[in-house]
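**Q** This structure is in structure tokens; I'll ask about it shortly.
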Amino acid sequence: MAGSPRRAAGRRLQLPLLCLLLQGATAILFAVFVRYNPETDAALWHSGNRSSSDNEFYFRYPSFQDVHVMVCVGFGFLMAFLQRYGFSSIGFTFLLAAFALQWSTLIQGFFHSLHGGHIHVGVQSMINADFCAAAVLISFGAVLGKTGPAQLLLMALLEVLLFGVNEFVLLSLLGVKDAGGSMTIHTFGAYFGLVLSRVLYRPQLEKSKHRQGSVYHSDLFAMIGTIFLWTFWPSFNSAPTMLGDGQHRTTLNTYYSLTASTLGTFALSALIGEHGRLDMVHIQNAALAGGVVVGTSGEMMLTPFGALAAGFLAGTVSTLGYKFFTPVLEAKFKLQDTCGVHNLHGMPGVLGALLGVLVAGLATHEAYGDGLGSVFPLVAEGQRSATAQAMYQLFGLLVTLTFASVGGGLGGLLLRLPFLDPPPDSQCYEDRIYWEVPGEREDEAQGSLRAEETDTRA
Amino acid sequence: MAGSPRRAAGRRLQLPLLCLLLQGATAILFAVFVRYNPETDAALWHSGNRSSSDNEFYFRYPSFQDVHVMVCVGFGFLMAFLQRYGFSSIGFTFLLAAFALQWSTLIQGFFHSLHGGHIHVGVQSMINADFCAAAVLISFGAVLGKTGPAQLLLMALLEVLLFGVNEFVLLSLLGVKDAGGSMTIHTFGAYFGLVLSRVLYRPQLEKSKHRQGSVYHSDLFAMIGTIFLWTFWPSFNSAPTMLGDGQHRTTLNTYYSLTASTLGTFALSALIGEHGRLDMVHIQNAALAGGVVVGTSGEMMLTPFGALAAGFLAGTVSTLGYKFFTPVLEAKFKLQDTCGVHNLHGMPGVLGALLGVLVAGLATHEAYGDGLGSVFPLVAEGQRSATAQAMYQLFGLLVTLTFASVGGGLGGLLLRLPFLDPPPDSQCYEDRIYWEVPGEREDEAQGSLRAEETDTRA
Amino acid sequence: MAGSPRRAAGRRLQLPLLCLLLQGATAILFAVFVRYNPETDAALWHSGNRSSSDNEFYFRYPSFQDVHVMVCVGFGFLMAFLQRYGFSSIGFTFLLAAFALQWSTLIQGFFHSLHGGHIHVGVQSMINADFCAAAVLISFGAVLGKTGPAQLLLMALLEVLLFGVNEFVLLSLLGVKDAGGSMTIHTFGAYFGLVLSRVLYRPQLEKSKHRQGSVYHSDLFAMIGTIFLWTFWPSFNSAPTMLGDGQHRTTLNTYYSLTASTLGTFALSALIGEHGRLDMVHIQNAALAGGVVVGTSGEMMLTPFGALAAGFLAGTVSTLGYKFFTPVLEAKFKLQDTCGVHNLHGMPGVLGALLGVLVAGLATHEAYGDGLGSVFPLVAEGQRSATAQAMYQLFGLLVTLTFASVGGGLGGLLLRLPFLDPPPDSQCYEDRIYWEVPGEREDEAQGSLRAEETDTRA
């Protein structure tokens, strides 16, 4: 049945139709709702009598570009470590980002920047949309190789929506601080993806085990992703903070935290490796945990020492996670986490949220001076004590974990809809199902498709 | 005859002598004509009593850097998709860019920034020079693999000159708007290269057919190019626009247009692919058409919806071009377009010019307010109606197509000069002719050179 | 003995313990000494009553990010040209950078930004730390493939210290100008590494000769490094200069110099290559010499022509160095320079210092106007003549060569400490000693380790 011509035709049309449908829908919503904001609109900006050098563009755009590189180049290449899944890793990253940027402009716009029934867009909304796309790509990492592009688009459809709700609850309702998104991006994206992956558990996945590793060159491609992520992470965490000292301080904290997570990762990787050898997977991922762990507290007065300590902790925890936790997750919890997002985004994200609780709780007028209002406006205005802010931060983490888990569960059920055609167990981590792969003879490809059809689980 | 020692010695000396000659000539012209502009010159800047933070550098340089990455990394790696031509794709991109940047500084300087007999240079001239280099590299894409480096340098020599003339006619004489260069860069570069490729038509090119495709890893290298181009394209289109809202709006429009062209490309590629499979060539190229298509109108009040619609159209047209138009171009028009620049730059460039006609024609004082003077100064000053501006835009497209076609024809005749040694038909798309390629035994290389000499058409 | 279990256990623990020790030490020193500077600290910044847009962050951070990409992406991938050493090239670059950034924050802080017993950090200290990391990575290039990660960390420990001392002597005591570091970074890093490599001379290195070259794909990875370095070098040289015209002019000079060194490299490479073929090693490295050679004079009134001439000279000298000088260095001077840092950083660095002598000596009030104080404050204040400044510049070069040579000698002795386990002669340029390499059967790896142990020189 699975291999019937009708099925094949359905598969053929699923992705194009979904792309066209989603693009059509967002285009209509854009036409109705989305407008240039006053910094972007010719008439509105020039009615303001402001110097063009005051335009927010000049203070946010360089950060935006770095974030944009991280989302497209960083995540895409980081996931290209699989030997036979490079086209899909980079290509679907591209597809998901393109859709998520549009869709999250709408969702975030409805929640955050609705003015007279219109969503106002500009460089800030571009940064926010890229942040949401980052969360979607983190979730993609958990199900990498086991899901088709139509499934992934539906995942993004749901996840962007819930990301927007969760972010709105945290930032607007609870007054939680989370500039670099330890909670809203990393924790949310990781646990959404992990729960979703749990729902899609495949007991027969070892049929594709031989394709689950890397080859020499694919690891070098992945390092392109790692190093651009590492280099630009200070811009990521600081992109949406208050201008001035806030942005400056956040970059500094992130920079130091990343150096320490790198040293921690090398130390632990060599310590736990056979014959003292380093493991590329650790370096590619855990070295980045320092960026995740200061996502919440990076804009606070963490101190340079605090940044080093946090980064080191995150790097070591993340490396140990790959060695000791990932196998348990699969064996005991039936959770197959292709990229180890639990180690890079999950645990460091939760640690980052808790670090935010701690540093927020320690905030004093003395340490922040008149800058307290920029970092903790509700504390500066006397509406909350620092301890209360800390409690709100903690509550924000719990809210995030709840939204992520419930959302991931729903997403999993959605992706199990029978007409969505997942790759069969024996063809996971394989580009050939979705891409014309060069250098293969047509008959081979045909043969493999036939094998695939026989193997479909439906 | 072709394989004679004198011929071999000639080939050996051709590239070095041409490099030295061109470098010597531009150096002398630099010594005579090129001077720091008042924002760059120590004495002139400090005589101005201006704050260093007012220096234009701080408003243009981040955009310049993104453009510079696109020209060198983006174009270079995008063309590295060929399995045996990676050294040449990246290396000759590098060579052509280096020469074109110098030469276009002079040509554009003579036309645009001559002050008291001197060409003034600064960050704006750097951006303009990079734009001209982009046009040369677009043309390179049409003849990729079928021309030697000496031929390419001569092509650049001519193309930079004509680019400068065409740009001067459009921007200065006709008052046409074309910030991101849908006409001046993409249409010009594409049709110059295509006509040139037509003149160099090789009926026996199928002798090299086995090298004309990609291999798995070369496609991943090409994706480095694609994704950096995609990420930084908002900076490309906005780099030379008016400061303030103009630059801000252009980035936003380009950003959305690119997301839509990506979704359009994925939809169409899967729709027309065998078994519903995606084609890497489409993703690598057509997904970028959204940047090309808003090159003219990006700084105008296109609206976010307009950007989505334009991008989607460009992405689909470009993808369909690869499937249905490229084969016809070769079969019927004897036009061999290695990279499909007609699909990425030609058609989307023309579409972008027409979109500019439309959006310019719709410009009203109401929509632009006091900003009208920044975008359409002649309309704001009452020298032209919006409709007249639209007609000038259309005329600009025709002028560009004329210059590009005549220039490409002349370029083709120039490159057919008998002493310029093109690769033989059986050795196209092959690095070994121009590069020491690692891992080959010397005798093999010798053998192939001998085969090549026998095969030369002369 | 070498192959004894105790030895193996020692090797296994050496890197982790050293990482932990160094990280612990810098963390403690950070806790005691390092504090946010007034542009980064919430209380201090907000006590200043300044507009957030005045924060230095907005004038330096984009340059910093470009420098950061060069250090991590540029150097890492440039050294990935070796066929079996990509993991180590990129991975150890990453490790060395992470440590050097922390350690040089401390060392440079003690020398340059000690305020009331505390080191003040911000975007300027981040740029300076990245500059110091660049010097360490240059030295790494000279010993690439012949040293283990523990050795490299110790090298960095010493080199960062001496870099700080040398920089302090030049910039603070001698009043030498060297914004882009022709002396402090390139000359220092190159000769430190070369002398160190001399001390570690291995007469039996030809045992690893078959791994010393590149393969097709590794050369393409290296080109990623080259092109990012080339593209961002204008930001490197200008990152620490005076704001305004100084930064603007430096980028322009570097941009032109790089175009000329590229043309020079292509010319010479084809001229001296067999059959007129280009050599990738030249293109990857010598094309960058234009950035090195204007490191000192880039901020001066070099003139655009001067930049072209300097770049062309550097590109040709560097290319000739690969052909004629590197073999002599090894044969006559027992100096094995894996990456040819003498050609890319050594000779062009010295040339750049001498160019600085020349251009400083030619400085006049007429040419610089009121800008003289920004470039040559001591000359503007009348404390020195331009000729005296030139002499100081020359003296700075001699001081740098002395520090680099003595430091490299000490470093070599340090790295020969018997318990530091270098790779055996037959296993140089080989990732497998330090990394789990995918796609190898465990027994092969075991076999190779056994062979290695037998071969150890101890």
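Ordered as shown in the structure tokens, chains take letters A, B, and onward, while each chain numbers its residues from 1 and ligands are numbered from 1 in the order shown.
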Quick one: residues within 8 Å of Trp435 in chain A, only C-alpha atoms, excluding same-chain residues fewer than 6 positions away - as a PyMOL selection string?
**A** (chain A and resi 87-88) or (chain B and resi 277-280)
**Q** Filtering to N, CA, C and O atoms, could you give me those residues as a PDB file, in the first residue's frame?
**A**
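Listing of selection.pdb after writing:
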ATOM      1  N   PHE A  87      22.924  17.834   2.726  1.00  0.00           N
ATOM      2  CA  PHE A  87      21.971  18.620   1.934  1.00  0.00           C
ATOM      3  C   PHE A  87      20.746  18.959   2.782  1.00  0.00           C
ATOM      4  O   PHE A  87      20.260  20.085   2.777  1.00  0.00           O
ATOM      5  N   SER A  88      20.255  17.949   3.491  1.00  0.00           N
ATOM      6  CA  SER A  88      19.050  18.152   4.284  1.00  0.00           C
ATOM      7  C   SER A  88      19.331  19.062   5.475  1.00  0.00           C
ATOM      8  O   SER A  88      18.525  19.939   5.789  1.00  0.00           O
TER       9      SER A  88
ATOM     10  N   ARG B 277      11.751  15.056  -5.702  1.00  0.00           N
ATOM     11  CA  ARG B 277      13.005  15.385  -5.025  1.00  0.00           C
ATOM     12  C   ARG B 277      13.463  16.803  -5.326  1.00  0.00           C
ATOM     13  O   ARG B 277      13.284  17.312  -6.429  1.00  0.00           O
ATOM     14  N   LEU B 278      14.105  17.394  -4.345  1.00  0.00           N
ATOM     15  CA  LEU B 278      14.652  18.741  -4.482  1.00  0.00           C
ATOM     16  C   LEU B 278      15.973  18.701  -5.246  1.00  0.00           C
ATOM     17  O   LEU B 278      16.727  17.724  -5.139  1.00  0.00           O
ATOM     18  N   ASP B 279      16.239  19.772  -5.976  1.00  0.00           N
ATOM     19  CA  ASP B 279      17.485  19.857  -6.732  1.00  0.00           C
ATOM     20  C   ASP B 279      18.369  20.939  -6.103  1.00  0.00           C
ATOM     21  O   ASP B 279      17.956  22.088  -5.963  1.00  0.00           O
ATOM     22  N   MET B 280      19.574  20.535  -5.721  1.00  0.00           N
ATOM     23  CA  MET B 280      20.491  21.456  -5.050  1.00  0.00           C
ATOM     24  C   MET B 280      20.768  22.718  -5.871  1.00  0.00           C
ATOM     25  O   MET B 280      20.957  23.795  -5.327  1.00  0.00           O
TER      26      MET B 280
END
**Q** Once you count only C-alpha atoms, what closest atom pair and distance in Å to one decimal does each residue of chain B within 6 Å of chain C have, with rows by chain and rising residue number, as JSON lines?
**A**
{"residue": "B:Arg12", "atom": "CA", "partner": "C:Gly276", "partner_atom": "CA", "distance": 4.1}
{"residue": "B:Pro16", "atom": "CA", "partner": "C:Ala267", "partner_atom": "CA", "distance": 3.9}
{"residue": "B:Cys19", "atom": "CA", "partner": "C:Ala267", "partner_atom": "CA", "distance": 5.5}
{"residue": "B:Phe30", "atom": "CA", "partner": "C:Phe305", "partner_atom": "CA", "distance": 5.3}
{"residue": "B:Ala31", "atom": "CA", "partner": "C:Phe305", "partner_atom": "CA", "distance": 5.0}
{"residue": "B:Glu39", "atom": "CA", "partner": "C:Asp245", "partner_atom": "CA", "distance": 5.7}
{"residue": "B:Thr40", "atom": "CA", "partner": "C:Asp245", "partner_atom": "CA", "distance": 4.6}
{"residue": "B:Ala42", "atom": "CA", "partner": "C:Gly371", "partner_atom": "CA", "distance": 4.8}
{"residue": "B:Ala43", "atom": "CA", "partner": "C:Gly369", "partner_atom": "CA", "distance": 4.0}
{"residue": "B:His46", "atom": "CA", "partner": "C:Asp370", "partner_atom": "CA", "distance": 5.4}
{"residue": "B:Ser52", "atom": "CA", "partner": "C:Gly244", "partner_atom": "CA", "distance": 4.1}
{"residue": "B:Asn55", "atom": "CA", "partner": "C:Gly244", "partner_atom": "CA", "distance": 5.4}
{"residue": "B:Phe57", "atom": "CA", "partner": "C:His248", "partner_atom": "CA", "distance": 5.8}
{"residue": "B:Ala98", "atom": "CA", "partner": "C:Thr259", "partner_atom": "CA", "distance": 4.4}
{"residue": "B:Tyr434", "atom": "CA", "partner": "C:Arg277", "partner_atom": "CA", "distance": 4.9}
{"residue": "B:Trp435", "atom": "CA", "partner": "C:Leu278", "partner_atom": "CA", "distance": 4.6}
{"residue": "B:Glu436", "atom": "CA", "partner": "C:Asp279", "partner_atom": "CA", "distance": 5.5}
{"residue": "B:Pro438", "atom": "CA", "partner": "C:Val215", "partner_atom": "CA", "distance": 5.4}
**Q** Between C:Leu171, C:Val357, C:Ala363, C:Leu194, which residue has the minimum interatomic distance to Glu330 in chain C, considering only C-alpha atoms?
**A**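 Closest residue, counting only C-alpha atoms: C:Leu194.
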**Q** Tell me, as a VMD selection string, which residues lie within 10 Å of Arg211 in chain B, counting only C-alpha atoms; anything in the same chain fewer than 6 positions away does not count.
**A** chain B and resid 82 to 85 145 426 to 430
**Q** Would you save the residues of that selection, restricted to N, CA and C atoms, as a compact mmCIF listing (two decimals), in the first residue's frame?
**A**
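In the end it all went to part.txt:
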# COMPACT_ATOMS: atom_id res chain seq x y z
N LEU B 82 31.20 22.95 -9.01
CA LEU B 82 31.75 22.00 -9.98
C LEU B 82 32.77 21.08 -9.31
N GLN B 83 32.73 19.80 -9.70
CA GLN B 83 33.53 18.81 -8.98
C GLN B 83 35.03 18.98 -9.13
N ARG B 84 35.47 19.51 -10.28
CA ARG B 84 36.91 19.59 -10.53
C ARG B 84 37.35 21.02 -10.77
N TYR B 85 36.57 21.98 -10.34
CA TYR B 85 36.88 23.36 -10.70
C TYR B 85 36.82 24.29 -9.49
N GLY B 145 34.50 27.84 -16.31
CA GLY B 145 35.00 26.55 -16.75
C GLY B 145 35.42 26.52 -18.20
N SER B 426 37.87 19.38 -24.34
CA SER B 426 37.88 18.19 -23.49
C SER B 426 38.43 18.50 -22.10
N GLN B 427 38.90 19.72 -21.89
CA GLN B 427 39.52 20.04 -20.60
C GLN B 427 38.80 21.20 -19.91
N CYS B 428 37.57 21.42 -20.29
CA CYS B 428 36.82 22.46 -19.59
C CYS B 428 36.42 21.97 -18.20
N TYR B 429 36.10 22.90 -17.35
CA TYR B 429 35.69 22.59 -15.97
C TYR B 429 36.76 21.75 -15.26
N GLU B 430 38.00 22.04 -15.50
CA GLU B 430 39.09 21.22 -14.99
C GLU B 430 40.18 22.14 -14.42
**Q** Write out as a short mmCIF file (atom, residue, chain, number, x, y, z; two decimals) with C-alpha atoms, in the first residue's frame all residues of range 19-218 of chain A that DSSP puts in strand (DSSP E) for this structure's backbone.
**A**
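Everything below was put into part-v4.cif:
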data_model
loop_
_atom_site.label_atom_id
_atom_site.label_comp_id
_atom_site.auth_asym_id
_atom_site.auth_seq_id
_atom_site.Cartn_x
_atom_site.Cartn_y
_atom_site.Cartn_z
CA VAL A 34 2.24 44.27 8.55
CA ARG A 35 3.46 47.85 8.11
CA TYR A 36 6.81 49.66 8.28
CA LEU A 114 0.42 45.85 17.45
CA HIS A 115 -0.29 49.52 16.85
CA HIS A 118 -1.08 46.93 12.48
CA ILE A 119 2.13 45.09 13.21
CA HIS A 120 5.08 47.44 13.00
CA VAL A 121 8.30 45.96 11.69
#
**Q** Leaving out Thr93 in chain C and any residue of its chain fewer than 5 positions from it, which residues lie within 8 Å of it when counting only C-alpha atoms, given as JSON, numbers by chain?
**A** {"C": [72, 75, 76, 88, 137]}
**Q** May I have the residues from that selection written out with C-alpha atoms, as a PDB file, in the first residue's frame?
**A**
ATOM      1  CA  CYS C  72      38.802  31.892  14.871  1.00  0.00           C
ATOM      2  CA  PHE C  75      43.447  31.202  11.119  1.00  0.00           C
ATOM      3  CA  GLY C  76      41.699  27.933  11.914  1.00  0.00           C
ATOM      4  CA  SER C  88      43.781  19.608  15.034  1.00  0.00           C
ATOM      5  CA  LEU C 137      48.175  31.413  16.201  1.00  0.00           C
TER       6      LEU C 137
END
**Q** Counting only C-alpha atoms, which of C:Ile127, C:Leu157, C:Pro423, C:Lys207 gets nearest to Leu18 in chain C?
**A**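 Distance minimum relative to Leu18 in chain C lands on C:Leu157.
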**Q** Residues at most 8 Å from Thr147 in chain A, counting only C-alpha atoms, excluding those fewer than 3 positions away in the same chain, as a VMD selection string?
**A** chain A and resid 143 to 144 151 to 152 422 to 423
**Q** So that I can check the secondary structure, give me every residue of range 16-211 of chain A assigned alpha helix (DSSP H) by backbone DSSP, as JSON, numbers by chain.
**A** {"A": [16, 17, 18, 19, 20, 21, 22, 23, 24, 25, 26, 27, 28, 29, 30, 31, 32, 33, 42, 43, 44, 45, 46, 57, 58, 59, 60, 61, 62, 63, 64, 65, 66, 67, 68, 69, 75, 76, 77, 78, 86, 87, 88, 89, 90, 91, 92, 93, 94, 95, 96, 97, 98, 99, 100, 101, 102, 103, 104, 105, 106, 107, 108, 109, 110, 111, 112, 123, 124, 125, 126, 127, 128, 129, 130, 131, 132, 133, 134, 135, 136, 137, 138, 139, 140, 141, 142, 143, 149, 150, 151, 152, 153, 154, 155, 156, 157, 158, 159, 160, 161, 162, 163, 164, 165, 166, 167, 188, 189, 190, 191, 192, 193, 194, 195, 196, 197, 198, 199]}
**Q** Of the residues A:Leu106, A:Leu354, A:Ile185, A:Leu378, which is the one nearest to Ser172 in chain A, using only C-alpha atoms?
**A** A:Leu378
**Q** Mind giving me the straight-line distance from CA of Asp337 in chain B to CA of Tyr191 in chain B in Å, one decimal?
**A**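 CA of Tyr191 in chain B lies at a distance of 10.7 Å from CA of Asp337 in chain B.
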**Q** To one decimal place, how far is CA of Leu320 in chain C from CA of His282 in chain C in Å?
**A** 9.0 Å
**Q** With distances taken over only C-alpha atoms, which of C:Pro377, C:Gly295, C:Gly382, C:Gly164 is nearest to Leu351 in chain C?
**A**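 Selected residue with least distance to Leu351 in chain C: C:Gly295.
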**Q** Between C:Gly141, C:Pro38, C:Gly396, C:Gly24, which has the minimum distance to Leu196 in chain C (counting only C-alpha atoms)?
**A** C:Gly141
